[in-house]
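Coordinates as given in my_file-v8.txt (compact mmCIF, C-alpha atoms):
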# COMPACT_ATOMS: atom_id res chain seq x y z
CA MET A 1 0.00 0.00 0.00
CA GLU A 2 1.29 3.46 -0.89
CA THR A 3 1.37 6.38 1.53
CA LYS A 4 -1.30 8.17 -0.50
CA GLU A 5 -3.64 5.22 -0.03
CA ILE A 6 -3.21 5.30 3.76
CA TYR A 7 -4.15 8.97 3.71
CA GLU A 8 -7.27 8.09 1.72
CA GLU A 9 -8.17 5.43 4.29
CA LEU A 10 -7.84 8.16 6.94
CA GLY A 11 -10.32 10.33 5.07
CA ILE A 12 -7.95 12.63 3.15
CA ARG A 13 -9.01 12.88 -0.47
CA LYS A 14 -6.44 12.52 -3.24
CA GLU A 15 -6.70 16.16 -4.33
CA ILE A 16 -5.76 17.40 -0.84
CA TYR A 17 -2.82 15.01 -0.59
CA ASP A 18 -1.47 16.12 -3.98
CA PHE A 19 -1.96 19.77 -3.05
CA GLY A 20 0.10 19.25 0.09
CA GLU A 21 2.86 17.34 -1.70
CA ASN A 22 3.34 20.14 -4.22
CA ILE A 23 3.76 22.65 -1.41
CA LEU A 24 6.22 20.43 0.46
CA LYS A 25 8.57 20.30 -2.53
CA ALA A 26 9.26 24.01 -2.16
CA LEU A 27 10.04 23.73 1.56
CA GLU A 28 13.05 21.42 1.47
CA GLU A 29 15.64 24.15 2.09
CA ARG A 30 13.58 25.70 4.90
CA PHE A 31 13.30 22.33 6.59
CA LYS A 32 17.02 21.70 6.24
CA ALA A 33 17.77 24.97 8.06
CA ILE A 34 15.38 23.98 10.85
CA ASP A 35 17.18 20.66 11.24
CA GLU A 36 20.50 22.48 11.54
CA THR A 37 19.12 24.64 14.36
CA ALA A 38 17.73 21.54 16.05
CA GLU A 39 21.16 19.90 15.88
CA TYR A 40 22.79 22.98 17.42
CA ASN A 41 20.26 23.09 20.26
CA GLN A 42 20.43 19.33 20.79
CA LEU A 43 24.18 19.56 21.32
CA LYS A 44 23.64 22.48 23.69
CA VAL A 45 21.33 20.32 25.84
CA ILE A 46 23.66 17.31 25.77
CA SER A 47 26.56 19.53 26.79
CA ALA A 48 24.59 20.66 29.85
CA PHE A 49 23.79 17.03 30.73
CA HIS A 50 27.50 16.23 30.59
CA LYS A 51 28.57 19.31 32.54
CA GLU A 52 26.15 18.58 35.39
CA ARG A 53 26.99 14.86 35.41
CA VAL A 54 23.45 13.64 34.92
CA GLY A 55 23.45 10.03 36.06
CA GLU A 56 20.96 7.25 36.63
CA ALA A 57 20.53 8.36 40.24
CA CYS A 58 19.09 11.64 38.94
CA LEU A 59 16.08 9.78 37.57
CA SER A 60 14.93 8.66 41.02
CA GLY A 61 12.36 10.95 42.53
CA THR A 62 11.57 11.90 46.09
CA LYS A 63 8.37 11.95 48.16
CA GLY A 64 7.17 13.96 51.10
CA TYR A 65 9.16 17.11 51.73
CA GLY A 66 11.59 16.38 48.91
CA TYR A 67 14.73 17.24 50.85
CA ASN A 68 18.06 16.47 49.14
CA ASP A 69 16.46 15.70 45.78
CA LEU A 70 19.52 15.10 43.61
CA GLY A 71 17.59 14.74 40.36
CA ARG A 72 15.48 17.86 40.88
CA ASP A 73 18.45 20.02 41.83
CA THR A 74 20.58 18.70 38.96
CA LEU A 75 17.77 19.29 36.45
CA GLU A 76 17.53 22.90 37.57
CA ARG A 77 21.24 23.35 36.97
CA VAL A 78 20.83 21.82 33.50
CA TYR A 79 18.09 24.34 32.69
CA ALA A 80 20.23 27.19 34.01
CA ASP A 81 23.14 26.03 31.83
CA VAL A 82 21.04 25.80 28.67
CA PHE A 83 19.32 29.15 29.23
CA LYS A 84 22.58 30.69 30.49
CA THR A 85 21.13 31.99 33.74
CA GLU A 86 22.34 32.04 37.32
CA ASP A 87 19.59 29.75 38.59
CA ALA A 88 16.39 27.95 37.65
CA LEU A 89 13.19 26.69 39.22
CA VAL A 90 11.79 23.65 37.38
CA ARG A 91 8.95 22.02 39.28
CA PRO A 92 5.90 19.81 38.73
CA GLN A 93 4.12 21.96 41.32
CA ILE A 94 3.97 24.76 38.71
CA THR A 95 0.71 23.81 37.07
CA CYS A 96 0.86 25.62 33.72
CA GLY A 97 2.38 28.55 31.84
CA THR A 98 -0.05 31.04 33.36
CA HIS A 99 0.86 29.79 36.85
CA ALA A 100 4.58 30.13 36.08
CA LEU A 101 4.09 33.71 34.91
CA ALA A 102 1.88 34.59 37.88
CA LEU A 103 4.46 33.07 40.21
CA ALA A 104 7.26 35.11 38.65
CA LEU A 105 5.25 38.34 38.89
CA LEU A 106 3.73 37.87 42.35
CA SER A 107 7.09 36.94 43.84
CA ASN A 108 9.10 39.80 42.35
CA LEU A 109 6.65 42.68 42.80
CA ARG A 110 5.53 44.32 46.02
CA PRO A 111 2.60 46.58 46.99
CA GLY A 112 3.13 50.02 45.48
CA ASP A 113 5.17 48.69 42.55
CA GLU A 114 4.05 48.96 38.94
CA LEU A 115 4.24 46.33 36.23
CA LEU A 116 4.77 47.51 32.64
CA SER A 117 3.93 45.39 29.61
CA ALA A 118 6.24 46.52 26.81
CA ALA A 119 4.61 44.40 24.11
CA GLY A 120 1.02 45.51 24.34
CA LYS A 121 -1.91 43.48 25.62
CA PRO A 122 -0.85 40.25 27.36
CA TYR A 123 -2.34 36.82 26.77
CA ASP A 124 -5.97 36.50 27.89
CA THR A 125 -5.33 34.49 31.06
CA LEU A 126 -2.78 37.08 32.28
CA GLU A 127 -5.56 39.68 32.42
CA SER A 128 -6.91 38.01 35.55
CA VAL A 129 -3.43 37.67 37.04
CA ILE A 130 -2.76 41.37 36.53
CA GLY A 131 -6.25 42.54 37.49
CA ILE A 132 -7.26 43.97 34.11
CA ARG A 133 -10.24 41.70 34.71
CA ASP A 134 -11.12 41.50 38.40
CA ALA A 135 -9.99 38.24 39.99
CA LYS A 136 -9.18 36.99 43.45
CA GLY A 137 -5.47 37.21 44.26
CA SER A 138 -4.60 39.47 41.31
CA LEU A 139 -1.69 41.90 41.34
CA LYS A 140 -4.28 44.67 41.56
CA GLU A 141 -5.63 43.25 44.82
CA TYR A 142 -2.11 43.41 46.24
CA GLY A 143 -1.78 47.09 45.35
CA ILE A 144 0.42 46.54 42.29
CA SER A 145 -0.50 48.83 39.40
CA TYR A 146 -0.23 48.12 35.68
CA ALA A 147 0.82 50.10 32.62
CA GLN A 148 1.01 49.11 28.98
CA ALA A 149 3.06 50.26 25.98
CA ASP A 150 1.52 48.99 22.77
CA LEU A 151 3.60 47.76 19.87
CA LYS A 152 3.79 49.86 16.71
CA LYS A 153 1.56 49.01 13.77
CA ASP A 154 4.44 47.10 12.17
CA GLY A 155 4.73 44.91 15.29
CA SER A 156 7.97 46.45 16.56
CA PHE A 157 8.59 47.90 20.01
CA ASP A 158 7.50 51.50 20.51
CA LEU A 159 10.56 52.68 22.43
CA ASP A 160 9.20 56.20 22.96
CA ALA A 161 6.01 54.80 24.48
CA ILE A 162 8.01 52.47 26.71
CA LYS A 163 10.16 55.34 27.93
CA ASP A 164 7.09 57.46 28.65
CA LYS A 165 5.52 54.66 30.71
CA ILE A 166 8.58 53.97 32.90
CA ASN A 167 8.38 55.90 36.15
CA ASP A 168 9.56 55.74 39.77
CA LYS A 169 7.04 52.99 40.57
CA THR A 170 8.01 50.77 37.64
CA LYS A 171 9.81 47.73 39.03
CA LEU A 172 9.32 45.03 36.41
CA VAL A 173 8.77 45.01 32.65
CA THR A 174 7.17 42.00 31.00
CA ILE A 175 7.59 41.07 27.33
CA GLN A 176 5.43 38.40 25.73
CA ARG A 177 7.44 36.73 23.02
CA SER A 178 4.59 34.94 21.26
CA LYS A 179 1.45 36.53 19.84
CA GLY A 180 -1.18 34.88 22.05
CA TYR A 181 -4.66 35.44 20.64
CA GLN A 182 -3.53 38.46 18.67
CA THR A 183 -2.77 38.98 15.01
CA ARG A 184 0.67 40.47 15.58
CA ARG A 185 4.05 39.03 14.74
CA THR A 186 6.04 37.06 17.26
CA LEU A 187 9.05 38.88 18.67
CA SER A 188 12.49 37.54 17.80
CA VAL A 189 15.29 37.14 20.29
CA LYS A 190 17.06 39.99 18.47
CA ASP A 191 13.98 42.23 18.86
CA ILE A 192 13.73 41.43 22.55
CA ALA A 193 17.46 41.94 23.12
CA GLY A 194 17.26 45.45 21.70
CA ALA A 195 14.24 46.29 23.84
CA ILE A 196 15.94 45.00 27.00
CA ASP A 197 19.03 47.14 26.32
CA PHE A 198 16.82 50.18 25.86
CA ILE A 199 14.69 49.52 28.96
CA LYS A 200 17.74 49.11 31.18
CA SER A 201 19.30 52.27 29.74
CA VAL A 202 16.19 54.23 30.73
CA LYS A 203 16.13 52.83 34.26
CA PRO A 204 19.15 50.74 35.32
CA GLY A 205 18.23 47.93 37.67
CA LEU A 206 14.74 47.52 36.26
CA LYS A 207 13.85 43.82 36.04
CA VAL A 208 12.68 42.36 32.71
CA MET A 209 10.68 39.14 32.46
CA VAL A 210 10.10 37.39 29.12
CA ASP A 211 7.12 35.10 28.61
CA ASN A 212 9.05 32.52 26.63
CA CYS A 213 6.15 30.15 25.92
CA TYR A 214 6.26 28.55 22.46
CA GLY A 215 9.65 30.11 21.66
CA GLU A 216 12.13 27.76 23.33
CA PHE A 217 14.60 26.13 20.91
CA VAL A 218 13.08 27.80 17.84
CA GLU A 219 16.21 29.93 17.58
CA ARG A 220 19.77 29.17 18.64
CA GLU A 221 19.67 31.68 21.48
CA GLU A 222 17.20 32.59 24.22
CA PRO A 223 16.24 36.04 25.60
CA SER A 224 18.00 35.18 28.86
CA GLU A 225 21.30 35.47 27.00
CA TYR A 226 20.58 39.16 26.38
CA GLY A 227 19.77 40.57 29.77
CA ALA A 228 16.34 39.17 30.62
CA ASP A 229 16.19 38.73 34.39
CA MET A 230 13.68 35.91 33.97
CA VAL A 231 12.47 33.69 31.15
CA VAL A 232 9.33 31.76 31.99
CA GLY A 233 7.48 28.89 30.39
CA SER A 234 5.53 25.65 30.61
CA LEU A 235 6.88 22.12 30.44
CA ILE A 236 3.86 20.94 28.46
CA LYS A 237 5.02 23.20 25.66
CA ASN A 238 8.43 23.15 23.90
CA PRO A 239 10.88 22.30 26.73
CA GLY A 240 8.93 19.25 27.91
CA GLY A 241 9.43 17.57 24.55
CA GLY A 242 5.94 16.04 24.71
CA LEU A 243 6.96 13.79 27.60
CA ALA A 244 6.61 16.05 30.63
CA ALA A 245 3.16 15.46 32.13
CA ALA A 246 3.05 18.77 34.02
CA GLY A 247 5.26 21.55 35.29
CA GLY A 248 6.77 24.90 34.50
CA TYR A 249 10.08 26.72 34.73
CA ILE A 250 11.54 30.07 35.70
CA CYS A 251 15.16 30.62 34.68
CA GLY A 252 16.91 33.82 35.68
CA SER A 253 18.94 35.71 38.22
CA SER A 254 19.54 34.12 41.61
CA GLU A 255 17.45 36.83 43.27
CA CYS A 256 14.43 36.43 41.00
CA VAL A 257 14.47 32.63 41.17
CA GLU A 258 14.90 32.66 44.96
CA ASN A 259 11.91 35.00 45.29
CA ALA A 260 9.83 32.69 43.09
CA ALA A 261 10.85 29.63 45.10
CA TYR A 262 9.76 31.22 48.38
CA ARG A 263 6.44 32.16 46.81
CA LEU A 264 5.91 28.67 45.36
CA THR A 265 6.58 26.90 48.65
CA SER A 266 6.88 29.04 51.78
CA PRO A 267 9.09 31.71 53.33
CA GLY A 268 11.98 29.92 54.98
CA LEU A 269 11.66 26.85 52.75
CA GLY A 270 12.13 27.94 49.12
CA LYS A 271 13.91 25.53 46.79
CA GLU A 272 14.80 23.07 49.55
CA VAL A 273 11.39 21.40 49.45
CA GLY A 274 9.13 20.10 46.73
CA ALA A 275 9.09 16.39 45.97
CA SER A 276 9.71 15.43 42.35
CA LEU A 277 7.72 12.20 42.83
CA ASN A 278 8.12 9.93 39.77
CA MET A 279 8.34 12.68 37.15
CA LEU A 280 12.08 13.17 36.70
CA PRO A 281 12.63 10.61 33.89
CA GLU A 282 10.06 12.41 31.72
CA PHE A 283 11.46 15.82 32.64
CA TYR A 284 15.00 14.85 31.68
CA GLN A 285 14.08 12.89 28.57
CA GLY A 286 11.58 15.52 27.47
CA PHE A 287 14.18 18.28 27.73
CA PHE A 288 16.62 16.06 25.84
CA MET A 289 14.04 15.57 23.06
CA ALA A 290 12.83 19.18 23.05
CA PRO A 291 15.03 20.56 20.23
CA VAL A 292 13.94 17.95 17.68
CA VAL A 293 10.30 17.96 18.81
CA THR A 294 10.24 21.75 18.51
CA ALA A 295 11.73 21.41 15.01
CA ALA A 296 8.90 19.05 14.01
CA ALA A 297 6.31 21.53 15.29
CA LEU A 298 8.06 24.36 13.47
CA LYS A 299 7.94 22.46 10.18
CA GLY A 300 4.24 21.86 10.73
CA ALA A 301 3.64 25.58 11.28
CA ILE A 302 5.48 26.47 8.07
CA PHE A 303 3.57 23.82 6.12
CA ALA A 304 0.26 25.15 7.46
CA ALA A 305 1.19 28.73 6.57
CA ASN A 306 2.00 27.79 2.99
CA ILE A 307 -1.15 25.67 2.63
CA TYR A 308 -3.54 28.37 3.81
CA GLU A 309 -1.68 31.25 2.21
CA LYS A 310 -2.01 29.46 -1.12
CA LEU A 311 -5.75 29.24 -0.47
CA GLY A 312 -5.97 33.01 -0.07
CA PHE A 313 -6.24 33.39 3.71
CA ASP A 314 -4.29 35.81 5.88
CA VAL A 315 -1.64 33.86 7.77
CA LEU A 316 0.75 35.04 10.44
CA PRO A 317 3.64 34.49 10.07
CA ASP A 318 3.40 34.28 6.30
CA GLY A 319 4.79 31.35 4.37
CA GLN A 320 8.23 32.86 3.79
CA GLU A 321 9.24 34.92 6.83
CA ASP A 322 11.55 33.82 9.64
CA ARG A 323 10.00 32.02 12.60
CA HIS A 324 10.37 32.86 16.27
CA ASP A 325 7.78 30.53 17.81
CA ILE A 326 5.81 27.43 16.82
CA ILE A 327 2.38 29.08 16.55
CA GLN A 328 0.67 29.59 13.22
CA ALA A 329 -2.32 31.93 13.00
CA VAL A 330 -4.84 31.68 10.16
CA THR A 331 -7.58 34.30 9.88
CA PHE A 332 -10.82 33.05 8.33
CA ASN A 333 -13.25 35.91 9.13
CA ASP A 334 -15.78 33.12 9.62
CA PRO A 335 -16.60 31.40 12.94
CA ASN A 336 -17.73 28.25 11.12
CA ALA A 337 -14.29 27.91 9.53
CA VAL A 338 -12.59 28.17 12.94
CA VAL A 339 -14.78 25.36 14.22
CA ALA A 340 -14.23 23.20 11.11
CA PHE A 341 -10.45 23.67 11.29
CA CYS A 342 -10.34 22.59 14.92
CA ARG A 343 -12.54 19.59 14.25
CA GLY A 344 -10.17 18.49 11.51
CA ILE A 345 -7.21 18.72 13.90
CA GLN A 346 -9.12 16.74 16.54
CA ALA A 347 -9.99 14.04 14.00
CA ALA A 348 -6.26 13.56 13.31
CA ALA A 349 -5.36 13.16 16.98
CA PRO A 350 -4.06 9.88 18.43
CA ILE A 351 -6.32 10.30 21.49
CA ASP A 352 -10.04 11.15 21.33
CA SER A 353 -10.08 11.40 17.54
CA PHE A 354 -13.79 10.55 17.72
CA VAL A 355 -14.59 13.60 19.88
CA THR A 356 -16.21 16.69 18.32
CA PRO A 357 -14.84 19.96 19.77
CA GLU A 358 -17.35 22.70 20.59
CA PRO A 359 -16.80 26.34 21.60
CA TRP A 360 -17.27 26.83 25.36
CA ASP A 361 -16.79 29.32 28.18
CA MET A 362 -13.28 28.32 29.18
CA PRO A 363 -11.97 29.66 32.54
CA GLY A 364 -9.71 32.69 32.16
CA TYR A 365 -11.08 33.84 28.79
CA ASP A 366 -13.58 36.59 27.98
CA SER A 367 -15.19 34.85 25.01
CA LYS A 368 -16.05 31.31 23.99
CA VAL A 369 -12.99 29.30 22.94
CA ILE A 370 -12.76 26.14 20.87
CA MET A 371 -9.84 23.81 21.45
CA ALA A 372 -8.73 20.72 19.57
CA ALA A 373 -6.29 18.69 21.63
CA GLY A 374 -6.48 14.92 21.46
CA ASN A 375 -3.20 14.58 23.30
CA PHE A 376 -1.35 12.15 25.52
CA VAL A 377 -0.97 14.97 28.07
CA SER A 378 -4.07 17.09 28.64
CA GLY A 379 -3.48 20.63 27.41
CA SER A 380 -0.06 19.86 25.95
CA SER A 381 0.31 22.36 23.12
CA ILE A 382 3.64 20.97 21.92
CA GLU A 383 1.45 18.09 20.76
CA LEU A 384 -0.75 18.63 17.71
CA SER A 385 -3.39 21.14 18.77
CA ALA A 386 -5.40 24.13 17.62
CA ASP A 387 -7.58 26.66 19.34
CA GLY A 388 -9.15 30.04 18.90
CA PRO A 389 -11.59 32.47 20.48
CA ILE A 390 -14.95 32.76 18.78
CA ARG A 391 -14.70 36.49 18.14
CA PRO A 392 -13.70 38.67 15.18
CA PRO A 393 -11.57 38.38 13.13
CA TYR A 394 -12.14 34.65 13.73
CA SER A 395 -8.56 33.44 13.71
CA VAL A 396 -7.39 29.97 14.62
CA TYR A 397 -4.02 29.23 16.21
CA PHE A 398 -2.31 25.99 15.24
CA GLN A 399 0.71 24.59 17.04
CA GLY A 400 2.58 21.45 17.89
CA GLY A 401 3.14 18.04 16.45
CA LEU A 402 5.58 15.68 18.14
CA THR A 403 6.54 14.45 14.68
CA PHE A 404 6.25 16.20 11.35
CA PRO A 405 4.26 13.34 9.72
CA HIS A 406 1.59 13.80 12.37
CA ALA A 407 1.59 17.59 11.98
CA LYS A 408 1.29 17.13 8.21
CA TYR A 409 -1.65 14.75 8.59
CA GLY A 410 -3.37 17.15 10.99
CA ILE A 411 -3.06 20.07 8.61
CA LEU A 412 -4.40 18.06 5.68
CA SER A 413 -7.25 16.88 7.92
CA SER A 414 -8.10 20.48 8.82
CA LEU A 415 -8.31 21.29 5.13
CA GLU A 416 -10.49 18.23 4.52
CA TYR A 417 -12.98 19.41 7.14
CA LEU A 418 -13.03 22.95 5.74
CA LEU A 419 -13.76 21.58 2.27
CA ARG A 420 -16.59 19.43 3.62
CA GLU A 421 -18.18 22.48 5.22
CA GLY A 422 -17.80 24.57 2.08
CA CYS A 423 -15.48 27.05 3.79
CA VAL A 424 -12.69 26.74 1.23
CA SER A 425 -12.05 25.45 -2.27
CA LEU A 426 -8.85 24.11 -3.77
CA PRO A 427 -7.11 26.15 -6.51
CA GLY A 428 -8.57 25.37 -9.93
CA LYS A 429 -11.68 23.76 -8.49
Once you've parsed the file, please lay out its structure as structure tokens.
Amino acid sequence: METKEIYEELGIRKEIYDFGENILKALEERFKAIDETAEYNQLKVISAFHKERVGEACLSGTKGYGYNDLGRDTLERVYADVFKTEDALVRPQITCGTHALALALLSNLRPGDELLSAAGKPYDTLESVIGIRDAKGSLKEYGISYAQADLKKDGSFDLDAIKDKINDKTKLVTIQRSKGYQTRRTLSVKDIAGAIDFIKSVKPGLKVMVDNCYGEFVEREEPSEYGADMVVGSLIKNPGGGLAAAGGYICGSSECVENAAYRLTSPGLGKEVGASLNMLPEFYQGFFMAPVVTAAALKGAIFAANIYEKLGFDVLPDGQEDRHDIIQAVTFNDPNAVVAFCRGIQAAAPIDSFVTPEPWDMPGYDSKVIMAAGNFVSGSSIELSADGPIRPPYSVYFQGGLTFPHAKYGILSSLEYLLREGCVSLPGK
């Protein structure tokens, strides 16, 4: 049986398969460059494993208080080495990316301080953390104010606006690397490095935190190598390699990480406690796999961009530009198309492929959201997934794919579902 016939058995019509194959032929050089970056980052991770003498004993977890957890402490040094920071906090007790960001903010700001977002509106769930939307335990409730400098129309930092917003109360600046549910470009490490230099020239000593979600290992360098005091992310995204079942990380200065550790556990305890249970093998192996898994997801994003760009839709990033995260946005201007796309992704999933996603009032969001995520780890967006808010301009956000063949199948499946619903038509048809 030929590969094309297996696709047909999986419900992908011949015309869609051929359409995808023609697009793939033009992407060979792009994919080769991605593989070269993955190799570079893979060697970077292996070097850290060697430097910190990761051994079999590091894979044994602890229970209870978690005192003297060799594997946990070694893993945190590995993360610090790879991200080139003074210290790191890598814990299963950090429940998600939003929790990691909230932890970093709540632990490094005090009543009377002001937080400045230098990249415009933050991701939806951060609105509750900050207090833009009223929520129990928000920064606002603790007397921490918020200011925002929007990006320019071209997606670049507005340095004049940032300078105007920095004042005596400003203690921490946050930069969101990825676009979230916005139709703006993702910020490159080079972009962020320039902004950090500028921010610290305006007010030396000002802390800068980068929301690094979806950006890890996409480039050869991380924002922490250019003056970020903290880079923060989730282990069920890029750095978990699809194997980590939970957790988050904060890599940064000793002071910032120590503050976060005391907030995560308790004053007087900090990093000394926190059992790793039986999760260390997946944490280590996931981080080891992360560069090549991220590369697979990146290829999927580029393939999706070229597919939907060819069909006449607005895609961000476009099919040719450089990539700085694994997320691909497609704007349909049609809520039915968003739903059909997500249903096609769900149908291609290894888990719950028979489930039909529906928009719903998801906690932390201000509009209905549809999510397709038939994953081995619930909510793992390094696995093949797609989601989007049901609001204008009706964009869907595609990410993940532990392997490129699966990402490819998912994208072709999304197109199949859109064709069935009459939302798109193939060129020449």
Which residues of region 259-367 of chain A come within 9 Å of region 52-75 of chain A, and for each one, what is the closest pair of atoms and their distance in Å to one decimal, counting only C-alpha atoms, sorted by chain and residue number, as a Markdown table?
| residue | atom | partner | partner_atom | distance |
| --- | --- | --- | --- | --- |
| A:Lys271 | CA | A:Asp73 | CA | 8.7 |
| A:Glu272 | CA | A:Tyr67 | CA | 6.0 |
| A:Val273 | CA | A:Gly66 | CA | 5.1 |
| A:Gly274 | CA | A:Gly66 | CA | 5.0 |
| A:Ala275 | CA | A:Gly66 | CA | 3.9 |
| A:Ser276 | CA | A:Gly61 | CA | 5.2 |
| A:Leu277 | CA | A:Gly61 | CA | 4.8 |
| A:Asn278 | CA | A:Gly61 | CA | 5.2 |
| A:Met279 | CA | A:Gly61 | CA | 6.9 |
| A:Leu280 | CA | A:Leu59 | CA | 5.3 |
| A:Pro281 | CA | A:Leu59 | CA | 5.1 |
| A:Glu282 | CA | A:Leu59 | CA | 8.8 |
| A:Phe283 | CA | A:Leu75 | CA | 8.1 |
| A:Tyr284 | CA | A:Leu75 | CA | 7.1 |
Quick one: 6 Å padding each side, axis-aligned, all listed atoms of region 160-171 of chain A - centre and edge lengths in Å to one decimal, as lines of an AutoDock Vina configuration file?
center_x = 7.8
center_y = 52.6
center_z = 31.8
size_x = 16.6
size_y = 21.7
size_z = 29.6
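Straight-line separation from CA of Ala304 (chain A) to CA of Ile411 (chain A): 6.2 Å.
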Surrounding residues of region 245-252 of chain A excluding itself and chain neighbours under 5 positions, 8 Å, all atoms listed in the file, as a compact mmCIF listing (two decimals) with C-alpha atoms, in the coordinates of the input:
# COMPACT_ATOMS: atom_id res chain seq x y z
CA TYR A 79 18.09 24.34 32.69
CA ALA A 80 20.23 27.19 34.01
CA PHE A 83 19.32 29.15 29.23
CA THR A 85 21.13 31.99 33.74
CA GLU A 86 22.34 32.04 37.32
CA ASP A 87 19.59 29.75 38.59
CA ALA A 88 16.39 27.95 37.65
CA LEU A 89 13.19 26.69 39.22
CA VAL A 90 11.79 23.65 37.38
CA ARG A 91 8.95 22.02 39.28
CA PRO A 92 5.90 19.81 38.73
CA GLN A 93 4.12 21.96 41.32
CA ILE A 94 3.97 24.76 38.71
CA THR A 95 0.71 23.81 37.07
CA CYS A 96 0.86 25.62 33.72
CA GLY A 97 2.38 28.55 31.84
CA ALA A 100 4.58 30.13 36.08
CA ALA A 104 7.26 35.11 38.65
CA SER A 224 18.00 35.18 28.86
CA ALA A 228 16.34 39.17 30.62
CA ASP A 229 16.19 38.73 34.39
CA MET A 230 13.68 35.91 33.97
CA VAL A 231 12.47 33.69 31.15
CA VAL A 232 9.33 31.76 31.99
CA GLY A 233 7.48 28.89 30.39
CA SER A 234 5.53 25.65 30.61
CA LEU A 235 6.88 22.12 30.44
CA ILE A 236 3.86 20.94 28.46
CA VAL A 257 14.47 32.63 41.17
CA MET A 279 8.34 12.68 37.15
CA GLU A 282 10.06 12.41 31.72
CA VAL A 377 -0.97 14.97 28.07
### Task
Find the spatial neighbours of Arg343 (chain A), counting only C-alpha atoms, within a cut-off of 7 Å - ignore same-chain residues fewer than 6 positions away - and output them as a VMD selection string.
chain A and resid 356 to 357 372
#### Entry: Residue nearest Phe313 (chain A) - candidates A:Ser395, A:Lys207, A:Gly388, A:Leu139, atoms counted: only C-alpha atoms
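Under the stated criterion, the closest residue is A:Ser395.
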#### Entry: Minimum-distance residue to Ala102 (chain A), chosen among A:Leu264, A:Ala301, A:Ile6, A:Met371 (using all atoms listed in the file)
A:Leu264
Please, which residues in region 304-376 of chain A fall within 12 Å of region 380-383 of chain A when counting all atoms listed in the file, and what is the closest atom pair and distance in Å to one decimal for each, ordered by chain then residue number, as a Markdown table?
| residue | atom | partner | partner_atom | distance |
| --- | --- | --- | --- | --- |
| A:Asp325 | CA | A:Ile382 | CA | 11.2 |
| A:Ile326 | CA | A:Ile382 | CA | 8.5 |
| A:Ile327 | CA | A:Ser381 | CA | 9.6 |
| A:Ile345 | CA | A:Glu383 | CA | 11.1 |
| A:Gln346 | CA | A:Glu383 | CA | 11.5 |
| A:Ala348 | CA | A:Glu383 | CA | 11.6 |
| A:Ala349 | CA | A:Glu383 | CA | 9.2 |
| A:Pro350 | CA | A:Glu383 | CA | 10.2 |
| A:Ile351 | CA | A:Glu383 | CA | 11.0 |
| A:Met371 | CA | A:Ser381 | CA | 10.4 |
| A:Ala372 | CA | A:Ser381 | CA | 9.8 |
| A:Ala373 | CA | A:Ser380 | CA | 7.7 |
| A:Gly374 | CA | A:Glu383 | CA | 8.6 |
| A:Asn375 | CA | A:Glu383 | CA | 6.4 |
| A:Phe376 | CA | A:Ser380 | CA | 7.8 |
### Message
Using all atoms listed in the file, which protein or nucleic acid residues come within 8 Å of region 318-320 of chain A? Drop anything in the same chain fewer than 5 positions from it, and give the result as an NGL selection string.
### Response
:A and (302-303 or 305-306 or 309)
### Message
Just to confirm, what's the straight-line distance from CA of Lys190 (chain A) to CA of Phe157 (chain A) in Å (one decimal)?
### Response
11.7 Å
### Query
Between A:Ala337, A:Val208, A:Ala135, A:Val189, which one has atoms that come closest to Leu105 (chain A), using only C-alpha atoms?
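Once distances to Leu105 (chain A) are computed over only C-alpha atoms, the minimum belongs to A:Val208.
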### Task
Name the closest residue to Cys342 (chain A) among the candidates A:Met289, A:Ala48, A:Leu418, A:Ile307; distances are taken between atoms, counting only C-alpha atoms.
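Counting only C-alpha atoms, the residue closest to Cys342 (chain A) is A:Leu418.
Put simply, CA of Ile144 (chain A) is 15.6 Å away from CA of Leu206 (chain A).
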Residues at most 9 Å from Gly155 (chain A), counting all atoms listed in the file, excluding those fewer than 4 positions away in the same chain, as a PDB file with C-alpha atoms, in the coordinates of the input?
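Saved file around38.pdb follows:
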ATOM      1  CA  ALA A 119       4.610  44.400  24.110  1.00  0.00           C
ATOM      2  CA  LEU A 151       3.600  47.760  19.870  1.00  0.00           C
ATOM      3  CA  ARG A 184       0.670  40.470  15.580  1.00  0.00           C
ATOM      4  CA  ARG A 185       4.050  39.030  14.740  1.00  0.00           C
ATOM      5  CA  THR A 186       6.040  37.060  17.260  1.00  0.00           C
ATOM      6  CA  LEU A 187       9.050  38.880  18.670  1.00  0.00           C
TER       7      LEU A 187
END
### Message
Around (9.7, 22.2, 8.0), as given in the file, which residues come within 7 Å? Count all atoms listed in the file and list them as a list in words.
### Response
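Within the cut-off we find Leu27, Arg30, Phe31, Ile34, Ala296, Leu298, Lys299, Gly300, Ile302 and Phe303 of chain A.
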For region 141-145 of chain A, supply N, CA and C atoms and format the output as an mmCIF file, in the frame of the given file.
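Saved file result-v7.cif follows:
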data_model
loop_
_atom_site.group_PDB
_atom_site.id
_atom_site.type_symbol
_atom_site.label_atom_id
_atom_site.label_comp_id
_atom_site.auth_asym_id
_atom_site.auth_seq_id
_atom_site.Cartn_x
_atom_site.Cartn_y
_atom_site.Cartn_z
ATOM 1 N N GLU A 141 -5.186 43.411 43.432
ATOM 2 C CA GLU A 141 -5.630 43.250 44.820
ATOM 3 C C GLU A 141 -4.496 43.462 45.817
ATOM 4 N N TYR A 142 -3.279 43.226 45.370
ATOM 5 C CA TYR A 142 -2.110 43.410 46.240
ATOM 6 C C TYR A 142 -1.523 44.818 46.119
ATOM 7 N N GLY A 143 -2.234 45.706 45.448
ATOM 8 C CA GLY A 143 -1.780 47.090 45.350
ATOM 9 C C GLY A 143 -0.663 47.304 44.354
ATOM 10 N N ILE A 144 -0.590 46.426 43.346
ATOM 11 C CA ILE A 144 0.420 46.540 42.290
ATOM 12 C C ILE A 144 -0.287 47.063 41.036
ATOM 13 N N SER A 145 0.144 48.207 40.547
ATOM 14 C CA SER A 145 -0.500 48.830 39.400
ATOM 15 C C SER A 145 0.069 48.299 38.083
#
